[in-house]
>>> print(open('input30.cif').read())   # mmCIF, C-alpha atoms and all ligand atoms
data_input
loop_
_atom_site.label_atom_id
_atom_site.label_comp_id
_atom_site.auth_asym_id
_atom_site.auth_seq_id
_atom_site.Cartn_x
_atom_site.Cartn_y
_atom_site.Cartn_z
CA MET A 1 0.00 0.00 0.00
CA GLY A 2 2.94 2.31 0.71
CA ASP A 3 3.52 3.32 -2.89
CA GLU A 4 0.15 5.03 -3.04
CA LEU A 5 0.93 7.45 -0.22
CA VAL A 6 -0.10 10.96 -1.18
CA TYR A 7 1.49 14.09 0.26
CA GLY A 8 -0.51 16.95 -1.29
CA ILE A 9 1.68 20.03 -1.52
CA PHE A 10 4.71 17.86 -0.92
CA GLY A 11 4.03 15.53 -3.84
CA ARG A 12 3.06 11.91 -4.34
CA SER A 13 4.95 9.03 -2.82
CA LEU A 14 8.50 9.66 -1.67
CA GLU A 15 9.71 6.95 -4.05
CA ASP A 16 7.99 8.66 -6.98
CA VAL A 17 9.49 12.00 -6.04
CA LEU A 18 13.02 10.65 -5.60
CA ASP A 19 12.73 8.64 -8.79
CA TYR A 20 11.52 11.67 -10.71
CA TYR A 21 14.56 13.63 -9.59
CA GLY A 22 16.90 10.75 -10.39
CA TYR A 23 17.85 9.80 -6.83
CA ARG A 24 17.88 6.03 -6.69
CA SER A 25 20.15 5.68 -3.68
CA PRO A 26 20.89 7.82 -0.63
CA PRO A 27 23.81 10.27 -0.83
CA ARG A 28 27.16 9.33 0.68
CA VAL A 29 27.43 10.97 4.06
CA SER A 30 30.56 10.85 6.20
CA SER A 31 29.83 9.31 9.60
CA LYS A 32 31.43 12.42 11.16
CA LEU A 33 28.73 14.63 9.64
CA ARG A 34 25.70 12.92 11.11
CA GLY A 35 23.83 14.90 13.74
CA TRP A 36 24.41 12.26 16.43
CA ARG A 37 28.16 13.12 16.36
CA TYR A 38 27.32 16.34 18.21
CA ARG A 39 30.06 15.81 20.78
CA GLU A 40 32.79 16.08 18.13
CA ARG A 41 33.79 18.74 15.66
CA PRO A 42 32.65 19.70 13.09
CA VAL A 43 29.10 18.86 14.21
CA GLU A 44 29.83 20.14 17.72
CA PRO A 45 29.55 23.94 17.63
CA GLU A 46 32.79 25.90 17.96
CA VAL A 47 31.04 28.52 20.12
CA SER A 48 28.13 27.54 22.34
CA GLY A 49 24.73 29.11 21.75
CA ARG A 50 21.51 28.54 19.87
CA LEU A 51 20.07 30.07 16.72
CA PRO A 52 17.07 29.26 14.53
CA VAL A 53 17.82 27.30 11.36
CA SER A 54 16.52 30.15 9.20
CA ALA A 55 18.93 32.67 10.78
CA ILE A 56 21.87 30.40 10.01
CA ALA A 57 20.85 29.37 6.51
CA SER A 58 19.96 32.84 5.27
CA ASP A 59 22.63 34.67 3.29
CA PHE A 60 20.37 37.62 2.61
CA CYS A 61 22.70 39.92 4.53
CA PRO A 62 26.23 39.73 3.07
CA THR A 63 27.90 40.30 6.46
CA ALA A 64 25.30 38.49 8.62
CA ARG A 65 24.58 41.73 10.48
CA ASP A 66 20.93 40.65 10.63
CA VAL A 67 22.02 38.04 13.19
CA TYR A 68 23.86 40.66 15.26
CA VAL A 69 20.92 43.08 15.21
CA ARG A 70 18.35 40.41 16.08
CA TYR A 71 20.23 38.27 18.61
CA VAL A 72 22.74 40.69 20.19
CA GLU A 73 20.87 43.99 20.05
CA GLY A 74 17.50 42.23 20.40
CA LEU A 75 15.77 44.24 17.64
CA GLU A 76 13.18 42.55 15.45
CA ALA A 77 12.54 43.29 11.80
CA PRO A 78 9.12 44.94 11.46
CA ALA A 79 6.29 42.71 10.24
CA SER A 80 5.83 42.83 6.46
CA LEU A 81 3.36 41.55 3.87
CA PRO A 82 5.60 38.60 2.81
CA MET A 83 6.03 37.63 6.46
CA VAL A 84 2.28 37.82 7.15
CA SER A 85 1.22 36.00 3.99
CA GLY A 86 3.84 33.26 4.54
CA THR A 87 2.59 32.72 8.09
CA LEU A 88 -1.03 32.58 6.95
CA TYR A 89 -0.29 30.07 4.17
CA HIS A 90 1.68 27.85 6.53
CA ASN A 91 -1.10 27.96 9.12
CA THR A 92 -3.68 27.13 6.44
CA LEU A 93 -1.75 24.05 5.38
CA GLU A 94 -1.36 22.89 8.96
CA ALA A 95 -5.04 23.53 9.66
CA VAL A 96 -6.39 21.52 6.71
CA VAL A 97 -4.15 18.54 7.44
CA THR A 98 -5.04 18.60 11.14
CA ARG A 99 -8.76 19.01 10.42
CA ALA A 100 -8.71 16.03 8.01
CA LYS A 101 -6.96 13.82 10.57
CA ARG A 102 -9.47 14.85 13.23
CA MET A 103 -12.38 13.92 10.95
CA ILE A 104 -10.93 10.45 10.47
CA TYR A 105 -10.33 9.97 14.18
CA GLU A 106 -13.94 10.98 14.84
CA GLY A 107 -14.96 7.80 13.03
CA ILE A 108 -14.81 5.96 9.70
CA THR A 109 -18.52 5.77 8.95
CA PRO A 110 -20.41 5.01 5.71
CA ASP A 111 -21.21 8.76 5.58
CA LEU A 112 -17.60 9.90 5.87
CA ASP A 113 -17.11 12.26 2.94
CA ILE A 114 -13.87 14.08 3.71
CA ALA A 115 -13.89 16.03 0.44
CA LYS A 116 -17.29 17.57 1.17
CA ALA A 117 -16.65 18.06 4.89
CA LEU A 118 -13.36 19.87 4.25
CA ALA A 119 -14.91 21.99 1.49
CA ASP A 120 -17.81 22.95 3.76
CA CYS A 121 -15.56 24.26 6.53
CA ALA A 122 -12.97 25.99 4.29
CA ASP A 123 -14.34 29.55 4.64
CA ASP A 124 -14.70 29.36 8.42
CA ALA A 125 -11.28 27.75 8.87
CA VAL A 126 -9.55 30.42 6.79
CA GLU A 127 -11.41 33.13 8.68
CA GLU A 128 -10.31 31.60 12.00
CA THR A 129 -6.70 31.49 10.85
CA MET A 130 -6.85 35.17 9.94
CA VAL A 131 -8.45 36.15 13.24
CA ASP A 132 -5.73 34.22 15.01
CA LYS A 133 -3.08 36.32 13.26
CA GLN A 134 -4.91 39.65 13.44
CA GLY A 135 -2.17 41.16 15.62
CA LEU A 136 0.49 40.39 13.02
CA ILE A 137 -1.75 41.64 10.18
CA ASP A 138 -2.31 44.93 12.03
CA GLU A 139 1.38 45.29 12.83
CA ALA A 140 2.30 44.90 9.16
CA ARG A 141 -0.45 47.35 8.13
CA VAL A 142 -1.50 45.06 5.30
CA ALA A 143 -3.64 46.91 2.75
CA ALA A 144 -7.22 45.67 2.35
CA GLU A 145 -6.73 44.53 -1.27
CA ASP A 146 -3.57 42.60 -0.34
CA LEU A 147 -5.38 40.92 2.52
CA GLU A 148 -8.24 39.97 0.21
CA ARG A 149 -5.78 38.41 -2.23
CA VAL A 150 -4.03 36.48 0.53
CA GLN A 151 -7.38 35.21 1.84
CA LYS A 152 -8.32 34.02 -1.65
CA ASN A 153 -5.00 32.21 -1.91
CA MET A 154 -5.52 30.59 1.48
CA LEU A 155 -8.81 29.19 0.20
CA ARG A 156 -7.11 27.90 -2.95
CA LEU A 157 -4.42 26.26 -0.84
CA TRP A 158 -7.01 24.71 1.51
CA ARG A 159 -9.11 23.33 -1.37
CA PHE A 160 -6.08 21.96 -3.21
CA GLU A 161 -4.72 20.16 -0.17
CA ALA A 162 -8.19 18.98 0.86
CA GLY A 163 -8.71 17.46 -2.59
CA GLN A 164 -5.39 15.62 -2.38
CA ILE A 165 -6.14 14.32 1.10
CA ALA A 166 -9.65 13.20 0.14
CA ALA A 167 -8.27 11.29 -2.85
CA ALA A 168 -5.66 9.58 -0.67
CA VAL A 169 -8.23 8.63 1.97
CA ALA A 170 -10.60 7.21 -0.67
CA GLN A 171 -7.80 5.25 -2.30
CA VAL A 172 -6.60 3.70 0.96
CA LEU A 173 -10.16 2.94 2.07
CA SER A 174 -10.98 1.28 -1.26
CA ARG A 175 -8.18 -1.22 -0.74
CA SER A 176 -8.39 -1.86 2.98
CA PRO A 177 -11.86 -2.92 4.14
CA TYR A 178 -10.83 -3.41 7.80
CA ILE A 179 -8.51 -0.47 8.28
CA GLY A 180 -8.79 1.51 11.54
CA ALA A 181 -8.64 5.28 11.94
CA ASP A 182 -5.04 5.42 13.13
CA SER A 183 -3.77 3.27 10.29
CA LEU A 184 -5.83 5.22 7.74
CA VAL A 185 -4.23 8.47 8.93
CA ALA A 186 -0.76 6.90 8.80
CA HIS A 187 -1.26 5.66 5.23
CA ALA A 188 -3.26 8.50 3.69
CA ILE A 189 -1.87 11.53 5.52
CA PRO A 190 1.61 10.40 6.57
CA LEU A 191 2.89 13.84 7.52
CA THR A 192 3.46 15.53 10.83
CA MET A 193 2.95 19.24 10.37
CA GLU A 194 5.08 21.75 12.26
CA HIS A 195 7.11 18.86 13.66
CA ARG A 196 9.03 19.96 16.78
CA VAL A 197 12.65 18.98 17.19
CA ASP A 198 15.18 19.94 19.86
CA GLY A 199 18.18 21.31 17.94
CA SER A 200 20.13 22.49 20.99
CA ARG A 201 22.81 19.75 20.76
CA VAL A 202 23.95 21.16 17.41
CA GLY A 203 23.69 24.87 18.26
CA LEU A 204 20.11 25.30 17.05
CA SER A 205 16.91 26.35 18.81
CA LYS A 206 15.41 23.96 21.33
CA GLN A 207 11.98 24.21 19.72
CA LEU A 208 12.69 23.97 16.00
CA SER A 209 9.60 23.54 13.86
CA ILE A 210 9.88 21.60 10.59
CA ASP A 211 7.02 22.46 8.21
CA ALA A 212 6.35 18.80 7.41
CA PHE A 213 8.03 15.62 8.44
CA GLN A 214 7.63 12.14 7.05
CA ALA A 215 8.57 9.60 9.72
CA VAL A 216 8.26 6.34 7.78
CA ARG A 217 11.06 7.29 5.40
CA THR A 218 12.57 10.17 7.32
CA MET A 219 12.40 13.27 5.19
CA VAL A 220 12.22 16.94 6.10
CA MET A 221 10.03 19.21 4.01
CA GLU A 222 9.59 22.96 3.86
CA MET A 223 6.96 25.01 2.07
CA LYS A 224 8.21 28.31 0.66
CA THR A 225 5.87 30.98 -0.53
CA GLY A 226 8.40 33.68 -1.34
CA LYS A 227 11.11 33.86 -4.00
CA GLU A 228 13.25 30.83 -4.68
CA ARG A 229 16.69 31.34 -3.13
CA GLU A 230 19.78 29.21 -3.31
CA TYR A 231 20.32 29.17 0.45
CA HIS A 232 16.93 27.56 1.14
CA GLY A 233 18.54 24.14 0.65
CA LEU A 234 20.71 24.83 3.69
CA THR A 235 17.65 24.93 5.94
CA LEU A 236 17.06 21.27 5.08
CA ALA A 237 20.60 20.39 6.19
CA GLY A 238 19.99 22.23 9.47
CA TYR A 239 16.78 20.33 10.18
CA ALA A 240 18.37 17.03 9.20
CA LEU A 241 21.30 17.60 11.60
CA ALA A 242 18.92 18.60 14.38
CA PHE A 243 16.73 15.55 13.82
CA GLU A 244 19.71 13.19 13.74
CA SER A 245 21.04 14.72 16.96
CA ALA A 246 17.72 14.15 18.73
CA PHE A 247 16.88 10.71 17.28
CA PRO A 248 19.68 8.52 15.92
CA ARG A 249 18.05 8.03 12.51
CA GLN A 250 19.49 9.10 9.19
CA VAL A 251 17.88 11.92 7.24
CA ASN A 252 19.20 11.70 3.69
CA PHE A 253 16.77 13.80 1.69
CA GLY A 254 14.85 17.01 2.09
CA MET A 255 12.31 18.75 -0.08
CA LEU A 256 11.39 22.36 -0.71
CA ALA A 257 7.93 23.00 -2.13
CA TYR A 258 7.63 26.47 -3.68
CA VAL A 259 4.00 27.46 -3.80
CA ARG A 260 2.74 30.24 -6.07
CA PHE A 261 -0.74 31.52 -6.73
CA PRO A 262 -1.12 32.49 -10.41
CA GLU A 263 -4.21 34.57 -11.10
CA ASP A 264 -5.29 32.40 -14.02
CA ARG A 265 -5.52 29.16 -12.06
CA SER A 266 -7.90 27.82 -9.45
CA VAL A 267 -5.15 25.81 -7.79
CA PRO A 268 -1.70 26.80 -6.52
CA LEU A 269 1.31 26.14 -8.69
CA VAL A 270 3.78 23.92 -6.85
CA VAL A 271 7.43 23.53 -7.82
CA ARG A 272 9.30 20.92 -5.79
CA ARG A 273 13.04 20.69 -5.28
CA VAL A 274 14.59 17.62 -3.72
CA TYR A 275 17.96 17.91 -2.01
CA PRO A 276 20.24 15.03 -1.06
CA ILE A 277 21.55 16.10 2.35
CA ASP A 278 25.13 15.21 1.56
CA ASP A 279 28.51 16.17 3.02
CA GLY A 280 28.74 19.41 1.02
CA LEU A 281 25.38 20.74 2.20
CA ARG A 282 26.06 19.68 5.80
CA LEU A 283 29.48 21.35 5.86
CA ARG A 284 28.14 24.57 4.38
CA PHE A 285 25.48 24.69 7.06
CA LEU A 286 27.93 23.89 9.87
CA ARG A 287 30.36 26.62 8.72
CA ALA A 288 27.55 29.18 8.57
CA ARG A 289 26.39 28.06 12.02
CA ASP A 290 29.87 28.50 13.54
CA ARG A 291 30.30 31.91 11.92
CA LYS A 292 26.95 33.18 13.15
CA LEU A 293 27.19 31.65 16.63
CA ALA A 294 30.56 33.44 16.95
CA ILE A 295 28.93 36.80 16.05
CA VAL A 296 26.40 36.29 18.85
CA GLY A 297 28.71 34.62 21.37
CA ARG A 298 31.44 37.27 21.01
CA ARG A 299 28.96 40.12 20.49
CA ARG A 300 30.95 41.16 17.47
CA ASP A 301 29.26 43.62 15.11
CA PRO A 302 30.11 42.46 11.58
CA GLU A 303 29.44 46.00 10.24
CA LEU A 304 27.51 47.04 7.18
CA PRO A 305 28.25 45.66 3.72
CA PRO A 306 28.93 48.25 0.96
CA ARG A 307 25.35 47.78 -0.32
CA CYS A 308 22.24 46.38 1.30
CA PRO A 309 19.24 44.85 -0.48
CA SER A 310 16.39 47.35 -0.03
CA ALA A 311 14.03 44.45 0.71
CA CYS A 312 15.97 43.62 3.87
CA GLY A 313 13.70 43.76 6.91
CA TYR A 314 16.46 45.46 8.94
CA PHE A 315 17.14 48.20 6.38
CA ARG A 316 15.69 50.97 8.54
CA ILE A 317 17.39 49.70 11.66
CA CYS A 318 20.83 49.42 10.03
CA ARG A 319 20.65 52.35 7.64
CA GLY A 320 17.87 54.49 9.09
S1 LIG B 1 20.23 46.31 6.27
FE1 LIG B 1 22.14 45.62 5.35
S2 LIG B 1 23.52 45.26 7.07
FE2 LIG B 1 21.48 45.39 7.91
S3 LIG B 1 20.82 43.28 8.00
FE3 LIG B 1 20.06 44.12 6.08
S4 LIG B 1 21.61 43.60 4.57
FE4 LIG B 1 22.53 43.34 6.58
#
>>> encode(input="input30.cif", output="structure tokens")
Amino acid sequence: MGDELVYGIFGRSLEDVLDYYGYRSPPRVSSKLRGWRYRERPVEPEVSGRLPVSAIASDFCPTARDVYVRYVEGLEAPASLPMVSGTLYHNTLEAVVTRAKRMIYEGITPDLDIAKALADCADDAVEETMVDKQGLIDEARVAAEDLERVQKNMLRLWRFEAGQIAAAVAQVLSRSPYIGADSLVAHAIPLTMEHRVDGSRVGLSKQLSIDAFQAVRTMVMEMKTGKEREYHGLTLAGYALAFESAFPRQVNFGMLAYVRFPEDRSVPLVVRRVYPIDDGLRLRFLRARDRKLAIVGRRRDPELPPRCPSACGYFRICRG
């Protein structure tokens, strides 16, 4: 039954996805670069401390002054439309997956029609998600027309994911007459959303949150709703190292799902990128981690680069 697993935004079965991208075997990974070697360099941090994976992976600021401003001076970048919309899309995805699982746990009855039930509650669920984040929306001063567009996209995302989940549930049910609720969830919706991992052994936050995690064939997955950036792959290496440090299980692959909302489509456009979490990616992440932990640990201002991207959230703080 495993090959029919469906992952919605994150694609069809893991085997299908890896096969599509030409990965037929796991990458070679040096035993010294597994997360469970956190008591030895280079996995052991050079300077003690903890940072979020995103702060380490990001190379948006050429000198990493963003890390200094946020974690030494304690100043936060002001809320922005991309930040708000990204949060709302992530919360929508988590909400639809959680709601579908709850429906199954409430009972597999002859009347169980997940597609209809999820469609019926879409508007209310999206509204609830927005109410929940009203503070952030107000802080970012999101214009009414932008908010309307984001809400429409949240509904598209909900309906798309709901359709995928409903198809997976129907497929599993059609083959397994005696399946119980827990097994149905495991087969049809095999993802843990916002999976918490303690990354403190490898210099990362204690409460890391991975967008989606597949436990059967350990894989970390992230949904991105902004521009595609080269450094995003590094986040996967960070989560893999954190997971391996907390549970001694290999994480060899990660996936980024870039979600867009073209005006001429009723469904989101999803572009998936699979990354083998190999030695190169691990070392790049570990070097960035050591460099940024040193900035915080030694309270060393890395100074301004000659030019700053105007889209940087800290632009006013650094250059105001
Ligand atoms: S404004 Fe410039 S120096 Fe400050 S964090 Fe952004 S890119 Fe870095």
>>> closest_residue(input="input30.cif", among="A:Ala64, A:Leu204, A:Ala186, A:Leu293", to="Glu46 in chain A", atoms="all atoms listed in the file")
A:Leu293
>>> residues_near_ligand(input="input30.cif", ligand="ligand LIG 1 (chain B)", cutoff="9 Å", atoms="all atoms listed in the file", output="VMD selection string")
chain A and resid 60 to 70 302 to 320
>>> write_last_selection(input="input30.cif", atoms="C-alpha atoms", output="PDB file, keeping the file's coordinate frame")
ATOM      1  CA  PHE A  60      20.370  37.620   2.610  1.00  0.00           C
ATOM      2  CA  CYS A  61      22.700  39.920   4.530  1.00  0.00           C
ATOM      3  CA  PRO A  62      26.230  39.730   3.070  1.00  0.00           C
ATOM      4  CA  THR A  63      27.900  40.300   6.460  1.00  0.00           C
ATOM      5  CA  ALA A  64      25.300  38.490   8.620  1.00  0.00           C
ATOM      6  CA  ARG A  65      24.580  41.730  10.480  1.00  0.00           C
ATOM      7  CA  ASP A  66      20.930  40.650  10.630  1.00  0.00           C
ATOM      8  CA  VAL A  67      22.020  38.040  13.190  1.00  0.00           C
ATOM      9  CA  TYR A  68      23.860  40.660  15.260  1.00  0.00           C
ATOM     10  CA  VAL A  69      20.920  43.080  15.210  1.00  0.00           C
ATOM     11  CA  ARG A  70      18.350  40.410  16.080  1.00  0.00           C
ATOM     12  CA  PRO A 302      30.110  42.460  11.580  1.00  0.00           C
ATOM     13  CA  GLU A 303      29.440  46.000  10.240  1.00  0.00           C
ATOM     14  CA  LEU A 304      27.510  47.040   7.180  1.00  0.00           C
ATOM     15  CA  PRO A 305      28.250  45.660   3.720  1.00  0.00           C
ATOM     16  CA  PRO A 306      28.930  48.250   0.960  1.00  0.00           C
ATOM     17  CA  ARG A 307      25.350  47.780  -0.320  1.00  0.00           C
ATOM     18  CA  CYS A 308      22.240  46.380   1.300  1.00  0.00           C
ATOM     19  CA  PRO A 309      19.240  44.850  -0.480  1.00  0.00           C
ATOM     20  CA  SER A 310      16.390  47.350  -0.030  1.00  0.00           C
ATOM     21  CA  ALA A 311      14.030  44.450   0.710  1.00  0.00           C
ATOM     22  CA  CYS A 312      15.970  43.620   3.870  1.00  0.00           C
ATOM     23  CA  GLY A 313      13.700  43.760   6.910  1.00  0.00           C
ATOM     24  CA  TYR A 314      16.460  45.460   8.940  1.00  0.00           C
ATOM     25  CA  PHE A 315      17.140  48.200   6.380  1.00  0.00           C
ATOM     26  CA  ARG A 316      15.690  50.970   8.540  1.00  0.00           C
ATOM     27  CA  ILE A 317      17.390  49.700  11.660  1.00  0.00           C
ATOM     28  CA  CYS A 318      20.830  49.420  10.030  1.00  0.00           C
ATOM     29  CA  ARG A 319      20.650  52.350   7.640  1.00  0.00           C
ATOM     30  CA  GLY A 320      17.870  54.490   9.090  1.00  0.00           C
TER      31      GLY A 320
END
>>> residues_around(input="input30.cif", residues="Leu147 in chain A", least_positions_apart="5", cutoff="10 Å", atoms="only C-alpha atoms", output="PDB file with C-alpha atoms, in the coordinates of the input")
ATOM      1  CA  LEU A  81       3.360  41.550   3.870  1.00  0.00           C
ATOM      2  CA  VAL A  84       2.280  37.820   7.150  1.00  0.00           C
ATOM      3  CA  SER A  85       1.220  36.000   3.990  1.00  0.00           C
ATOM      4  CA  MET A 130      -6.850  35.170   9.940  1.00  0.00           C
ATOM      5  CA  ILE A 137      -1.750  41.640  10.180  1.00  0.00           C
ATOM      6  CA  ARG A 141      -0.450  47.350   8.130  1.00  0.00           C
ATOM      7  CA  VAL A 142      -1.500  45.060   5.300  1.00  0.00           C
ATOM      8  CA  LYS A 152      -8.320  34.020  -1.650  1.00  0.00           C
ATOM      9  CA  ASN A 153      -5.000  32.210  -1.910  1.00  0.00           C
TER      10      ASN A 153
END
>>> closest_atom_pairs(input="input30.cif", of="range 154-200 of chain A", to="range 102-118 of chain A", cutoff="7 Å", atoms="only C-alpha atoms", output="CSV")
residue,atom,partner,partner_atom,distance
A:Ala162,CA,A:Leu118,CA,6.2
A:Gly163,CA,A:Ala115,CA,6.2
A:Ala166,CA,A:Ala115,CA,5.1
A:Ala181,CA,A:Tyr105,CA,5.5
>>> write_last_selection(input="input30.cif", atoms="C-alpha atoms", output="compact mmCIF listing (two decimals), keeping the file's coordinate frame")
# COMPACT_ATOMS: atom_id res chain seq x y z
CA ALA A 162 -8.19 18.98 0.86
CA GLY A 163 -8.71 17.46 -2.59
CA ALA A 166 -9.65 13.20 0.14
CA ALA A 181 -8.64 5.28 11.94
>>> residues_around(input="input30.cif", residues="Lys206 in chain A", least_positions_apart="6", cutoff="12 Å", atoms="only C-alpha atoms", output="MDAnalysis selection string")
chainID A and resid 49:53 196:200 239 242:243 245:246
>>> atom_distance(input="input30.cif", atom1="CA of Gln171 in chain A", atom2="CA of Val126 in chain A")
26.8 Å
>>> closest_residue(input="input30.cif", among="A:Val296, A:Thr129, A:Glu263, A:Phe253", to="Asn91 in chain A", atoms="all atoms listed in the file")
A:Thr129
>>> residues_near_point(input="input30.cif", point="(15.4, 11.3, 4.5)", cutoff="9 Å", atoms="only C-alpha atoms", output="list of chain:residue names")
A:Pro26, A:Gln214, A:Ala215, A:Arg217, A:Thr218, A:Met219, A:Val220, A:Ala240, A:Gln250, A:Val251, A:Asn252, A:Phe253, A:Gly254, A:Pro276, A:Ile277
>>> atom_distance(input="input30.cif", atom1="CA of Ile189 in chain A", atom2="CA of Ala119 in chain A")
17.2 Å
>>> closest_residue(input="input30.cif", among="A:Leu283, A:Met83, A:Val29, A:Ala100", to="Pro42 in chain A", atoms="all atoms listed in the file")
A:Leu283
>>> atom_distance(input="input30.cif", atom1="CA of Thr235 in chain A", atom2="CA of Gly135 in chain A")
27.4 Å
>>> closest_residue(input="input30.cif", among="A:Arg265, A:His232, A:Lys133, A:Arg249", to="Arg156 in chain A", atoms="only C-alpha atoms")
A:Arg265
>>> closest_residue(input="input30.cif", among="A:Leu281, A:Val172, A:Val202, A:Leu256", to="Arg28 in chain A", atoms="only C-alpha atoms")
A:Leu281
>>> residues_near_point(input="input30.cif", point="(1.4, 26.2, -7.8)", cutoff="9 Å", atoms="only C-alpha atoms", output="PyMOL selection string")
chain A and resi 9+258-262+265+267-271
>>> closest_residue(input="input30.cif", among="A:Asp59, A:Asp138, A:Glu94, A:Glu40", to="Arg284 in chain A", atoms="all atoms listed in the file")
A:Asp59
